[in-house]
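Colleague: Got a structure for you, written out below as structure tokens; questions coming shortly.
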Amino acid sequence: MPNLSTVFSDVGYAHFLVLGAVLFAIGVGGVLLRRNALIIMMSIELMLNAGNLTILTFARMHGDLGGHSFAMIVMAVAAAEVAVGLAIVVAIFRGRRHVDVDRMNLLKH
Amino acid sequence: MNFATGDALYIAPILILALAGLLLVLAEAFYTGKDRTALAGLAVAGGVAAAVASIALYRHMDPGTHRYLYGEMLVADRTGYALSALLSVVIALAALVAPAHMRAHDWAIGEYFGILLLAGTGMLMLAHASHLATVFLGVETMSIGVYVMTALRRRSRRGNEAAMKYFLMGAFATGFLLYGMALVYGATGTTSLVAVRERLASGNLALLTVGTFMMVAAFAFKVAAVPFHMWAPDAYEGAPTPVTAFMAAAVKVAAVAAMIRVFGQFLGGEKLPYGTLGWASPMVVLAAITITVGNIAAIRQDNVKRMLAYSSISHGGVLLVGLCAMGLGSPSGQSALVYYLIAYALTTMGAFAVVSYVGSKQNERLGIDDWAGLASKHPAAALAMTVCLLSLGGMPPTGGFFAKWYVFKSAMDAQDQQLLWVTIIGVVNSAVSIFYYLKLVTAMYFKDATGEFTPSRSAGLTFTMALCAVVVLAMGLFPTTWLGFGG
Amino acid sequence: MTARVLTAILAVLFVVLAFDAGAAHAQGAVAPVDAKVGPAPDFDPPRSATTAGKTVSKRDSVASPAPGAPTNAAAKRTKGGMVFAFWGFAALTVLGSLFVITRRNLITAVMGMVGTFFALAALYMLLYAHFLAIIQMLVYAGAIMVLFVFVIMILNKPEDEPFALSGRVGKVLAGLATTYLVFRIGSVLIDVPSHVTIAQNAAPAKTAAGDDWGSTAAVGMNLFNDYLFPFEAVSLTLLIAVVGAIAIARPLKDDEPAAEAATTGGH
């Protein structure tokens with residue numbers, strides 16, 4: 001464990017990693033708590049960004065540029081995913097005028 | 001440059017699918033005819049060509065050899081080509097069964113075929129993946145394609161709702177997958193699975209374990225393992241039947257193929273999964289819960305598609321047993337898994353083809369009661385369905401029996417206490433599962449028809465049903481021949 | 001859709017259990033947890049001299065910084081700025097993301113998201129990922145968020161009730177699960193060797209081709225050599241997204257028959 005007296009003045013890799021973990025958890029919390037499909041999608045974007053931040057921190061730590069390329073590909077994929085997700089949201093909204101996932105109950109259990 | 005010029009030859013199946021997909025996207029844009037289903041021909045040709053290329057490359061590779069492509073991005077070996085041949089065939093069949101369903105339910109959308117093949121490239125990537133980047137990209141290419149296909153029946157609110165649920169769950173799983181990969185990368189300093197395996201001993205074990213666990217959770221979403229299965233029945237029910245068939249057969253095969261690579265080959269072997277990594281212990285538990293819950297839920301269903309969805313969930317559990325056995329170093333694990341995947345994919349494809357055949361215009365006939373008396377009106381379809389159901393239930397003359405037999409045998413070979421218990425649970429559940437499969441068989445053969453059947457006939461559907469039934473029987477009659485494909 | 005919430009909670013629990021197992025394994029680990037693996041960057045000073053908690057004078061005694069690195073005096077001068085930048089942008093990131101998951105108004109949520117993305121881009125710069133920082137701004141803040149804004153403008157509906165888990169119990173449970181997740185991930189990550197503080201470090205060594213680490217040229221060389229296959233293959237993913245998004249979202253034509261009757265069959 002790092003010394004508490006220097007935790008604010010000595011910024012190291014662990015700081016970036018823990019920030020990534022916090023961001024990831026906030027994203028998970030958003031998926032758990034919210035019911036608007038758009039907000040859930042944004043929370044998922046937060047999770048992906050947490051992953052990217054972690055990858056880039058480790059890339060710096062290991063001195064490996066492969067992580068940068070990986071993060072770049074993740075960004076492209078995230079953009080593709082968002083495009084499809086928003087298209088689905090628009091299609092749903094055309095039919096029922098709301099995007100509340102708790103009220104989507106045509107498919108019953 | 002760290003790749004040889006000959007590498008392109010080894011990814012010929014992927015290139016063929018990509019090329020056919022691009023052609024289909026173009027063809028859709030410039031197509032002037034009224035009936036979009038004519039595009040199916042090109043899609044089937046693409047799938048068959050990819051299957052032929054896979055088989056040719058399978059024969060070209062010597063058994064037990066492998067070759068890394070594009071700087072350890074992909075690995076070419078017999079297992080990979082066997083799986084990519086299977087996936088290509090399933091893709092071709094999914095294109096073949098679609099036109100009849102499109103005509104019957106008015107959703108002739110040409111993009112289906114292009115996206116089908118492009119999503120297929122992602123699946124083939126997974127079958128050959130040896131790098132975290134290709135695993136991630138393959139999973140996403142496949143998933144994004146399937147989200148789109150689920151939503152393609154645009155007037156159907158059920159379809160849209162299914163797509164939304166599937167999308168949100170899938171994207172959530174992607175977040176876990178990426179974060180898990182990031183931690184594995186941090187633990188070992190490399191994204192190449194080959195190098196990850198080399199550095200397992202020297203890596204940061206705490207990070208590695210957490211990263212691996214997150215990847216297990218993400219893949220559990222993709223194969224719809226309990227408790228990450230909630231999206232599956234809704235998505236299966238809401239999607240158009242050909243898409244459901246594709247989802248149940250191809251997506252599961254591709255996800256398990258990726259798990260064979262990641263967990264079985266690169267993170268498994270030599271008791272590693274328990275000793276230092278521990279991914280097998282949650283997977284064993286997941287497998288036991290998945291088999292049981294899938295079966296119990298399937299008993300309660302009176303909708304054929306939902307019943308098949310839960311059945312597919314329960315089969316995912318058996319596949320996880322096989323993965324654990326393989327990861328724990330069971331010598332027969334990998335070939336048993338490949339045999340199971342072939343049997344499962346073709347059986348599921350055949351069953352959903354019959355579902356698509358039975359549904360007519362304006363009435364999909366998804367209730368089990370709607371199937372009453374099918375045998376007297378359409379004996380061939382009922383026979384094909386019976387063969388598929390028997391295979392799903394693991395009855396002796398079919399491929400499904402030997403599939404379960406080999407997987408459970410490989411689990412015994414692993415000589416592991418936990419796996420032994422899961423095997424017992426699996427065998428008991430197989431016996432239970434026969435009950436609900438027979439419920440449908442009984443309805444078809446021993447009940448009187450309630451109304452007139454006007455099935456959606458097409459040569460493609462007939463061919464698919466016949467092919468799947470024949471292959472499933474052939475797998476049961478000559479099991480050792482098919483077992484050899486696993487390499 | 002309680003299934004989503006249930007699944008998500010189970011996923012969190014699963015991972016939480018994973019951490020316990022991970023910690024258990026790490027106890028009896030063959031290798032020390034902080035063992036460095038892979039090609040260690042050559043700018044790492046020896047650990048003994050730089051362990052966190054040592055005084056500044058001790059840190060000043062670090063011998064021979066890597067060639068091209070600023071002198072210790074310069075490092076000390078920039079350090080305050082770096083630390084300040086990290087905490088500032090980290091706070092902005094967390095605040096922005098909290099905005100996303102708490103605001104009822106969707107546009108406010110998107111603005112929080114934009115703030116998060118900009119702050120993340122700045123953090124990438126601190127990590128010498130200059131090219132990725134620019135891409136982050138272009139792709140996320142530029143393209144993805146604009147897409148979100150457009151869709152929100154089309155829908156133009158604020159959420160009625162922003163929290164899905166009805167009842168205080170559900171919210172508290174979700175909050176606890178999430179907090180525990182942070183705690184457990186954090187407890188693993190905090191042990192990552194952080195003795196090499198970012199503030200002390202100058203630019204990483206240049207690549208073999210002589211480009212600055214993390215620059216466009218260096219990332220480009222990596223992207224078109226090691227990552228050539230995924231780079232080409234991602235174009236197929238994007239193609240699926242483009243074609244698929246249009247196929248799903250384009251307006252319905254009048255001559256397309258309603259399919260809802262067809263889907264109700266069998267129920």
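Each chain in the structure tokens gets a letter, A, B and so on, in the order shown; residues start at 1 in every chain, and ligands are counted from 1 in the order they appear.
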Could you pull out the alpha helix (DSSP H) residues of chain A from DSSP and send them as a ChimeraX atom specification?

Modeller: /A:13-33,37-62,66-96

Colleague: Write a file of the selected residues as a PDB file, in the first residue's frame, keeping C-alpha atoms.

Modeller:
ATOM      1  CA  TYR A  13       0.308   4.294 -12.279  1.00  0.00           C
ATOM      2  CA  ALA A  14      -1.897   3.074  -9.434  1.00  0.00           C
ATOM      3  CA  HIS A  15      -3.680   6.423  -9.426  1.00  0.00           C
ATOM      4  CA  PHE A  16      -4.641   6.088 -13.070  1.00  0.00           C
ATOM      5  CA  LEU A  17      -5.646   2.467 -12.561  1.00  0.00           C
ATOM      6  CA  VAL A  18      -7.832   3.206  -9.564  1.00  0.00           C
ATOM      7  CA  LEU A  19      -9.403   6.092 -11.471  1.00  0.00           C
ATOM      8  CA  GLY A  20     -10.177   3.591 -14.226  1.00  0.00           C
ATOM      9  CA  ALA A  21     -11.729   1.234 -11.677  1.00  0.00           C
ATOM     10  CA  VAL A  22     -13.870   4.037 -10.260  1.00  0.00           C
ATOM     11  CA  LEU A  23     -15.004   4.999 -13.751  1.00  0.00           C
ATOM     12  CA  PHE A  24     -15.815   1.363 -14.533  1.00  0.00           C
ATOM     13  CA  ALA A  25     -17.842   1.020 -11.340  1.00  0.00           C
ATOM     14  CA  ILE A  26     -19.732   4.239 -12.075  1.00  0.00           C
ATOM     15  CA  GLY A  27     -20.554   2.786 -15.468  1.00  0.00           C
ATOM     16  CA  VAL A  28     -21.793  -0.451 -13.893  1.00  0.00           C
ATOM     17  CA  GLY A  29     -23.798   1.613 -11.411  1.00  0.00           C
ATOM     18  CA  GLY A  30     -25.389   3.534 -14.253  1.00  0.00           C
ATOM     19  CA  VAL A  31     -26.464   0.311 -15.956  1.00  0.00           C
ATOM     20  CA  LEU A  32     -27.877  -0.928 -12.657  1.00  0.00           C
ATOM     21  CA  LEU A  33     -29.696   2.210 -11.609  1.00  0.00           C
ATOM     22  CA  ALA A  37     -31.861   3.195 -22.740  1.00  0.00           C
ATOM     23  CA  LEU A  38     -29.762   6.220 -23.767  1.00  0.00           C
ATOM     24  CA  ILE A  39     -28.333   6.675 -20.282  1.00  0.00           C
ATOM     25  CA  ILE A  40     -27.596   2.964 -20.074  1.00  0.00           C
ATOM     26  CA  MET A  41     -25.716   3.224 -23.356  1.00  0.00           C
ATOM     27  CA  MET A  42     -23.732   6.179 -22.026  1.00  0.00           C
ATOM     28  CA  SER A  43     -22.901   4.195 -18.895  1.00  0.00           C
ATOM     29  CA  ILE A  44     -21.636   1.383 -21.087  1.00  0.00           C
ATOM     30  CA  GLU A  45     -19.473   3.940 -22.904  1.00  0.00           C
ATOM     31  CA  LEU A  46     -18.063   4.904 -19.511  1.00  0.00           C
ATOM     32  CA  MET A  47     -17.162   1.254 -18.902  1.00  0.00           C
ATOM     33  CA  LEU A  48     -15.391   1.053 -22.258  1.00  0.00           C
ATOM     34  CA  ASN A  49     -13.523   4.275 -21.533  1.00  0.00           C
ATOM     35  CA  ALA A  50     -12.436   2.897 -18.182  1.00  0.00           C
ATOM     36  CA  GLY A  51     -11.058  -0.089 -20.041  1.00  0.00           C
ATOM     37  CA  ASN A  52      -9.208   2.179 -22.452  1.00  0.00           C
ATOM     38  CA  LEU A  53      -7.712   4.263 -19.650  1.00  0.00           C
ATOM     39  CA  THR A  54      -6.507   1.070 -17.977  1.00  0.00           C
ATOM     40  CA  ILE A  55      -5.020  -0.223 -21.214  1.00  0.00           C
ATOM     41  CA  LEU A  56      -3.187   3.043 -21.886  1.00  0.00           C
ATOM     42  CA  THR A  57      -1.834   3.170 -18.334  1.00  0.00           C
ATOM     43  CA  PHE A  58      -0.503  -0.344 -18.650  1.00  0.00           C
ATOM     44  CA  ALA A  59       0.893   0.485 -22.087  1.00  0.00           C
ATOM     45  CA  ARG A  60       2.875   3.318 -20.484  1.00  0.00           C
ATOM     46  CA  MET A  61       3.932   1.082 -17.616  1.00  0.00           C
ATOM     47  CA  HIS A  62       5.183  -1.705 -19.853  1.00  0.00           C
ATOM     48  CA  GLY A  66       0.563  -2.362 -28.763  1.00  0.00           C
ATOM     49  CA  GLY A  67      -1.814  -1.075 -26.113  1.00  0.00           C
ATOM     50  CA  HIS A  68      -2.257   2.140 -28.074  1.00  0.00           C
ATOM     51  CA  SER A  69      -3.280   0.246 -31.193  1.00  0.00           C
ATOM     52  CA  PHE A  70      -5.614  -1.902 -29.123  1.00  0.00           C
ATOM     53  CA  ALA A  71      -7.253   1.184 -27.606  1.00  0.00           C
ATOM     54  CA  MET A  72      -7.650   2.673 -31.058  1.00  0.00           C
ATOM     55  CA  ILE A  73      -9.490  -0.433 -32.255  1.00  0.00           C
ATOM     56  CA  VAL A  74     -11.667  -0.365 -29.139  1.00  0.00           C
ATOM     57  CA  MET A  75     -12.671   3.204 -29.971  1.00  0.00           C
ATOM     58  CA  ALA A  76     -13.640   2.261 -33.514  1.00  0.00           C
ATOM     59  CA  VAL A  77     -15.688  -0.664 -32.251  1.00  0.00           C
ATOM     60  CA  ALA A  78     -17.348   1.497 -29.595  1.00  0.00           C
ATOM     61  CA  ALA A  79     -18.381   3.992 -32.265  1.00  0.00           C
ATOM     62  CA  ALA A  80     -19.882   1.185 -34.340  1.00  0.00           C
ATOM     63  CA  GLU A  81     -21.728  -0.160 -31.336  1.00  0.00           C
ATOM     64  CA  VAL A  82     -23.158   3.242 -30.439  1.00  0.00           C
ATOM     65  CA  ALA A  83     -24.362   3.776 -33.994  1.00  0.00           C
ATOM     66  CA  VAL A  84     -26.251   0.490 -33.987  1.00  0.00           C
ATOM     67  CA  GLY A  85     -27.590   1.041 -30.479  1.00  0.00           C
ATOM     68  CA  LEU A  86     -28.932   4.479 -31.309  1.00  0.00           C
ATOM     69  CA  ALA A  87     -30.529   3.111 -34.468  1.00  0.00           C
ATOM     70  CA  ILE A  88     -32.339   0.541 -32.351  1.00  0.00           C
ATOM     71  CA  VAL A  89     -33.430   3.297 -29.939  1.00  0.00           C
ATOM     72  CA  VAL A  90     -34.848   5.305 -32.841  1.00  0.00           C
ATOM     73  CA  ALA A  91     -36.649   2.235 -34.178  1.00  0.00           C
ATOM     74  CA  ILE A  92     -38.167   1.537 -30.764  1.00  0.00           C
ATOM     75  CA  PHE A  93     -39.183   5.139 -30.262  1.00  0.00           C
ATOM     76  CA  ARG A  94     -40.965   5.139 -33.624  1.00  0.00           C
ATOM     77  CA  GLY A  95     -43.172   2.365 -32.346  1.00  0.00           C
ATOM     78  CA  ARG A  96     -43.889   3.334 -28.779  1.00  0.00           C
TER      79      ARG A  96
END

Colleague: Within 6 Å of chain C, which residues of chain B are there when counting only C-alpha atoms? Please give them as a ChimeraX atom specification.

Modeller: /B:1,71,115,141,148,152,155-156,189,202-206,209-210,213,228,230,362-367

Colleague: Would you list the contacts of B:Phe463 as a ChimeraX atom specification, taking every protein, DNA or RNA residue within 12 Å and counting only C-alpha atoms, but skipping same-chain residues closer than 4 positions in sequence?

Modeller: /B:92-94,96-97,349-350,353-354,357,380-381,384,457-459,467-471

Colleague: Save the residues we just selected, N, CA and C atoms, as a JSON list (two decimals), in the first residue's frame?

Modeller:
[["chain", "number", "residue", "atom", "x", "y", "z"],
["B", 92, "ALA", "N", -24.38, -20.38, -44.49],
["B", 92, "ALA", "CA", -25.06, -20.67, -45.75],
["B", 92, "ALA", "C", -26.49, -21.13, -45.49],
["B", 93, "LEU", "N", -26.68, -21.97, -44.46],
["B", 93, "LEU", "CA", -28.02, -22.46, -44.17],
["B", 93, "LEU", "C", -28.92, -21.33, -43.68],
["B", 94, "ALA", "N", -28.34, -20.41, -42.88],
["B", 94, "ALA", "CA", -29.15, -19.29, -42.39],
["B", 94, "ALA", "C", -29.60, -18.42, -43.56],
["B", 96, "LEU", "N", -30.12, -19.69, -46.51],
["B", 96, "LEU", "CA", -31.02, -20.55, -47.29],
["B", 96, "LEU", "C", -32.44, -20.56, -46.71],
["B", 97, "VAL", "N", -32.56, -20.53, -45.38],
["B", 97, "VAL", "CA", -33.90, -20.62, -44.80],
["B", 97, "VAL", "C", -34.61, -19.27, -44.76],
["B", 349, "MET", "N", -30.00, -25.80, -36.04],
["B", 349, "MET", "CA", -30.37, -25.22, -37.35],
["B", 349, "MET", "C", -31.56, -25.97, -37.92],
["B", 350, "GLY", "N", -31.51, -27.31, -37.86],
["B", 350, "GLY", "CA", -32.60, -28.11, -38.39],
["B", 350, "GLY", "C", -33.90, -27.85, -37.66],
["B", 353, "ALA", "N", -35.31, -24.59, -38.61],
["B", 353, "ALA", "CA", -35.81, -24.64, -39.98],
["B", 353, "ALA", "C", -37.22, -25.21, -39.98],
["B", 354, "VAL", "N", -37.46, -26.24, -39.16],
["B", 354, "VAL", "CA", -38.81, -26.81, -39.09],
["B", 354, "VAL", "C", -39.78, -25.78, -38.50],
["B", 357, "TYR", "N", -40.66, -23.53, -41.12],
["B", 357, "TYR", "CA", -41.50, -24.19, -42.12],
["B", 357, "TYR", "C", -42.95, -24.27, -41.64],
["B", 380, "ALA", "N", -42.81, -35.62, -43.30],
["B", 380, "ALA", "CA", -41.37, -35.43, -43.46],
["B", 380, "ALA", "C", -40.87, -34.38, -42.47],
["B", 381, "ALA", "N", -41.61, -33.25, -42.37],
["B", 381, "ALA", "CA", -41.19, -32.20, -41.45],
["B", 381, "ALA", "C", -41.22, -32.71, -40.03],
["B", 384, "ALA", "N", -38.20, -34.89, -39.45],
["B", 384, "ALA", "CA", -36.98, -34.09, -39.28],
["B", 384, "ALA", "C", -36.94, -33.48, -37.89],
["B", 457, "ARG", "N", -43.51, -23.12, -47.72],
["B", 457, "ARG", "CA", -42.66, -24.06, -48.45],
["B", 457, "ARG", "C", -41.56, -23.31, -49.18],
["B", 458, "SER", "N", -40.38, -23.91, -49.22],
["B", 458, "SER", "CA", -39.36, -23.44, -50.15],
["B", 458, "SER", "C", -38.33, -24.55, -50.25],
["B", 459, "ALA", "N", -37.67, -24.58, -51.41],
["B", 459, "ALA", "CA", -36.66, -25.62, -51.62],
["B", 459, "ALA", "C", -35.55, -25.49, -50.57],
["B", 467, "LEU", "N", -30.91, -31.97, -44.85],
["B", 467, "LEU", "CA", -29.47, -32.04, -44.61],
["B", 467, "LEU", "C", -29.17, -32.21, -43.12],
["B", 468, "CYS", "N", -29.83, -31.37, -42.30],
["B", 468, "CYS", "CA", -29.53, -31.41, -40.87],
["B", 468, "CYS", "C", -29.91, -32.77, -40.29],
["B", 469, "ALA", "N", -31.09, -33.28, -40.66],
["B", 469, "ALA", "CA", -31.52, -34.56, -40.11],
["B", 469, "ALA", "C", -30.57, -35.67, -40.53],
["B", 470, "VAL", "N", -30.16, -35.66, -41.81],
["B", 470, "VAL", "CA", -29.29, -36.73, -42.30],
["B", 470, "VAL", "C", -27.92, -36.66, -41.60],
["B", 471, "VAL", "N", -27.37, -35.45, -41.50],
["B", 471, "VAL", "CA", -26.05, -35.33, -40.88],
["B", 471, "VAL", "C", -26.11, -35.73, -39.42]]

Colleague: One number please: atom CA of B:Met307 to atom CA of B:Met444, in Å, one decimal.

Modeller: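 One can read the atom CA of B:Met307 to atom CA of B:Met444 distance as 15.4 Å.
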
Colleague: Excluding same-chain residues fewer than 2 positions from B:Pro13, what lies within 8 Å of it counting only C-alpha atoms, as a list in words?

Modeller: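 Here the answer would be Tyr10, Ile11, Leu15, Ile16, Leu17, Ala49, Ala50, Ala51, Ala53, Ser54, Ser84 and Leu124 of chain B.
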
Colleague: Write the residues of the selection above to a file with N, CA, C and O atoms, as an mmCIF file, in the first residue's frame.

Modeller:
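Result saved to part-v5.cif:
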data_model
loop_
_atom_site.group_PDB
_atom_site.id
_atom_site.type_symbol
_atom_site.label_atom_id
_atom_site.label_comp_id
_atom_site.auth_asym_id
_atom_site.auth_seq_id
_atom_site.Cartn_x
_atom_site.Cartn_y
_atom_site.Cartn_z
ATOM 1 N N TYR B 10 -3.989 -18.342 -45.826
ATOM 2 C CA TYR B 10 -4.531 -19.098 -44.704
ATOM 3 C C TYR B 10 -5.813 -18.480 -44.152
ATOM 4 O O TYR B 10 -6.511 -19.117 -43.395
ATOM 5 N N ILE B 11 -6.077 -17.228 -44.478
ATOM 6 C CA ILE B 11 -7.343 -16.663 -44.023
ATOM 7 C C ILE B 11 -8.334 -16.588 -45.182
ATOM 8 O O ILE B 11 -9.260 -15.776 -45.167
ATOM 9 N N LEU B 15 -11.577 -14.112 -45.963
ATOM 10 C CA LEU B 15 -11.576 -13.189 -47.102
ATOM 11 C C LEU B 15 -12.770 -13.441 -48.011
ATOM 12 O O LEU B 15 -13.401 -12.501 -48.503
ATOM 13 N N ILE B 16 -13.076 -14.728 -48.225
ATOM 14 C CA ILE B 16 -14.210 -15.049 -49.103
ATOM 15 C C ILE B 16 -15.507 -14.500 -48.526
ATOM 16 O O ILE B 16 -16.301 -13.855 -49.219
ATOM 17 N N LEU B 17 -15.697 -14.719 -47.219
ATOM 18 C CA LEU B 17 -16.923 -14.216 -46.593
ATOM 19 C C LEU B 17 -16.983 -12.690 -46.666
ATOM 20 O O LEU B 17 -18.035 -12.109 -46.960
ATOM 21 N N ALA B 49 -18.599 -21.378 -50.508
ATOM 22 C CA ALA B 49 -17.212 -21.202 -50.942
ATOM 23 C C ALA B 49 -16.286 -21.124 -49.736
ATOM 24 O O ALA B 49 -15.196 -21.720 -49.741
ATOM 25 N N ALA B 50 -16.724 -20.421 -48.694
ATOM 26 C CA ALA B 50 -15.889 -20.330 -47.488
ATOM 27 C C ALA B 50 -15.736 -21.697 -46.844
ATOM 28 O O ALA B 50 -14.648 -22.054 -46.363
ATOM 29 N N ALA B 51 -16.828 -22.487 -46.860
ATOM 30 C CA ALA B 51 -16.744 -23.832 -46.276
ATOM 31 C C ALA B 51 -15.766 -24.690 -47.075
ATOM 32 O O ALA B 51 -14.932 -25.407 -46.507
ATOM 33 N N ALA B 53 -13.261 -23.650 -48.908
ATOM 34 C CA ALA B 53 -11.905 -23.178 -48.640
ATOM 35 C C ALA B 53 -11.421 -23.682 -47.286
ATOM 36 O O ALA B 53 -10.262 -24.093 -47.146
ATOM 37 N N SER B 54 -12.321 -23.685 -46.286
ATOM 38 C CA SER B 54 -11.927 -24.163 -44.957
ATOM 39 C C SER B 54 -11.535 -25.628 -45.017
ATOM 40 O O SER B 54 -10.530 -26.036 -44.421
ATOM 41 N N SER B 84 -14.352 -23.314 -38.648
ATOM 42 C CA SER B 84 -14.762 -22.302 -39.623
ATOM 43 C C SER B 84 -15.568 -22.946 -40.744
ATOM 44 O O SER B 84 -16.464 -22.304 -41.297
ATOM 45 N N LEU B 124 -15.522 -16.336 -37.840
ATOM 46 C CA LEU B 124 -14.350 -17.083 -38.290
ATOM 47 C C LEU B 124 -13.084 -16.569 -37.625
ATOM 48 O O LEU B 124 -12.170 -17.328 -37.319
#

Colleague: Which residues of chain B have any atom within 6 Å of an atom in chain A when counting only C-alpha atoms, and what is the closest pair of atoms for each, with the distance in Å to one decimal? Order the rows by chain and rising number and write it as a tab-separated table.

Modeller:
residue	atom	partner	partner_atom	distance
B:Asn160	CA	A:Ile92	CA	5.8
B:Phe172	CA	A:Ile44	CA	6.0
B:Gly175	CA	A:Leu48	CA	5.3
B:Leu178	CA	A:Gly51	CA	5.8
B:Tyr179	CA	A:Gly51	CA	4.6
B:Ala182	CA	A:Ile55	CA	5.0
B:Gly186	CA	A:Phe58	CA	5.1
B:Gly189	CA	A:His62	CA	5.7
B:Asp234	CA	A:Leu107	CA	5.8

Colleague: Take the residues that were just selected and, keeping N, CA and C atoms, output them as a compact mmCIF listing (two decimals), in the first residue's frame.

Modeller:
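What follows is the written file result36.txt:
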# COMPACT_ATOMS: atom_id res chain seq x y z
N ASN B 160 -37.97 -5.24 -32.24
CA ASN B 160 -37.20 -4.11 -31.75
C ASN B 160 -36.88 -4.27 -30.28
N PHE B 172 -23.10 -4.41 -22.35
CA PHE B 172 -22.66 -4.49 -20.95
C PHE B 172 -21.57 -5.56 -20.81
N GLY B 175 -18.26 -4.42 -22.03
CA GLY B 175 -17.52 -3.63 -21.06
C GLY B 175 -16.70 -4.52 -20.15
N LEU B 178 -13.74 -6.05 -22.12
CA LEU B 178 -12.63 -5.13 -22.35
C LEU B 178 -11.85 -4.89 -21.07
N TYR B 179 -12.57 -4.69 -19.97
CA TYR B 179 -11.85 -4.42 -18.72
C TYR B 179 -11.03 -5.64 -18.30
N ALA B 182 -8.00 -5.67 -20.36
CA ALA B 182 -7.06 -4.65 -19.91
C ALA B 182 -6.25 -5.15 -18.73
N GLY B 186 -2.34 -5.80 -18.42
CA GLY B 186 -1.52 -5.20 -17.38
C GLY B 186 -0.69 -6.24 -16.64
N GLY B 189 1.76 -7.60 -19.75
CA GLY B 189 2.45 -6.65 -20.62
C GLY B 189 2.35 -6.98 -22.09
N ASP B 234 -35.88 -13.91 -24.46
CA ASP B 234 -36.54 -12.78 -25.10
C ASP B 234 -35.99 -12.54 -26.50

Colleague: Do a neighbour search on stretch 138-144 of chain C at 8 Å with only C-alpha atoms, toss out local chain neighbours closer than 2 positions, and write the hits as a list of chain:residue names.

Modeller: A:Met75, A:Ala79, A:Val82, C:Val114, C:Phe117, C:Phe118, C:Ile134, C:Ile135, C:Gln136, C:Val146, C:Leu147, C:Phe148

Colleague: Pick out the residues sitting within 12 Å of C:Asp212, and hand them over as a list in words; count only C-alpha atoms, and ignore anything fewer than 5 positions along from it in its own chain.

Modeller: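 After dropping sequence-adjacent residues, the list is Leu65 of chain A; Gly68, Tyr128, Ala129, His130, Phe131, Ala202, Ala203, Pro204, Ala205, Lys206, Thr207, Ala217, Ala218, Val219, Gly220 and Met221 of chain C.
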
Colleague: How many Å lie between atom CA of B:Phe435 and atom CA of B:Thr464, rounded to one decimal?

Modeller: 26.0 Å
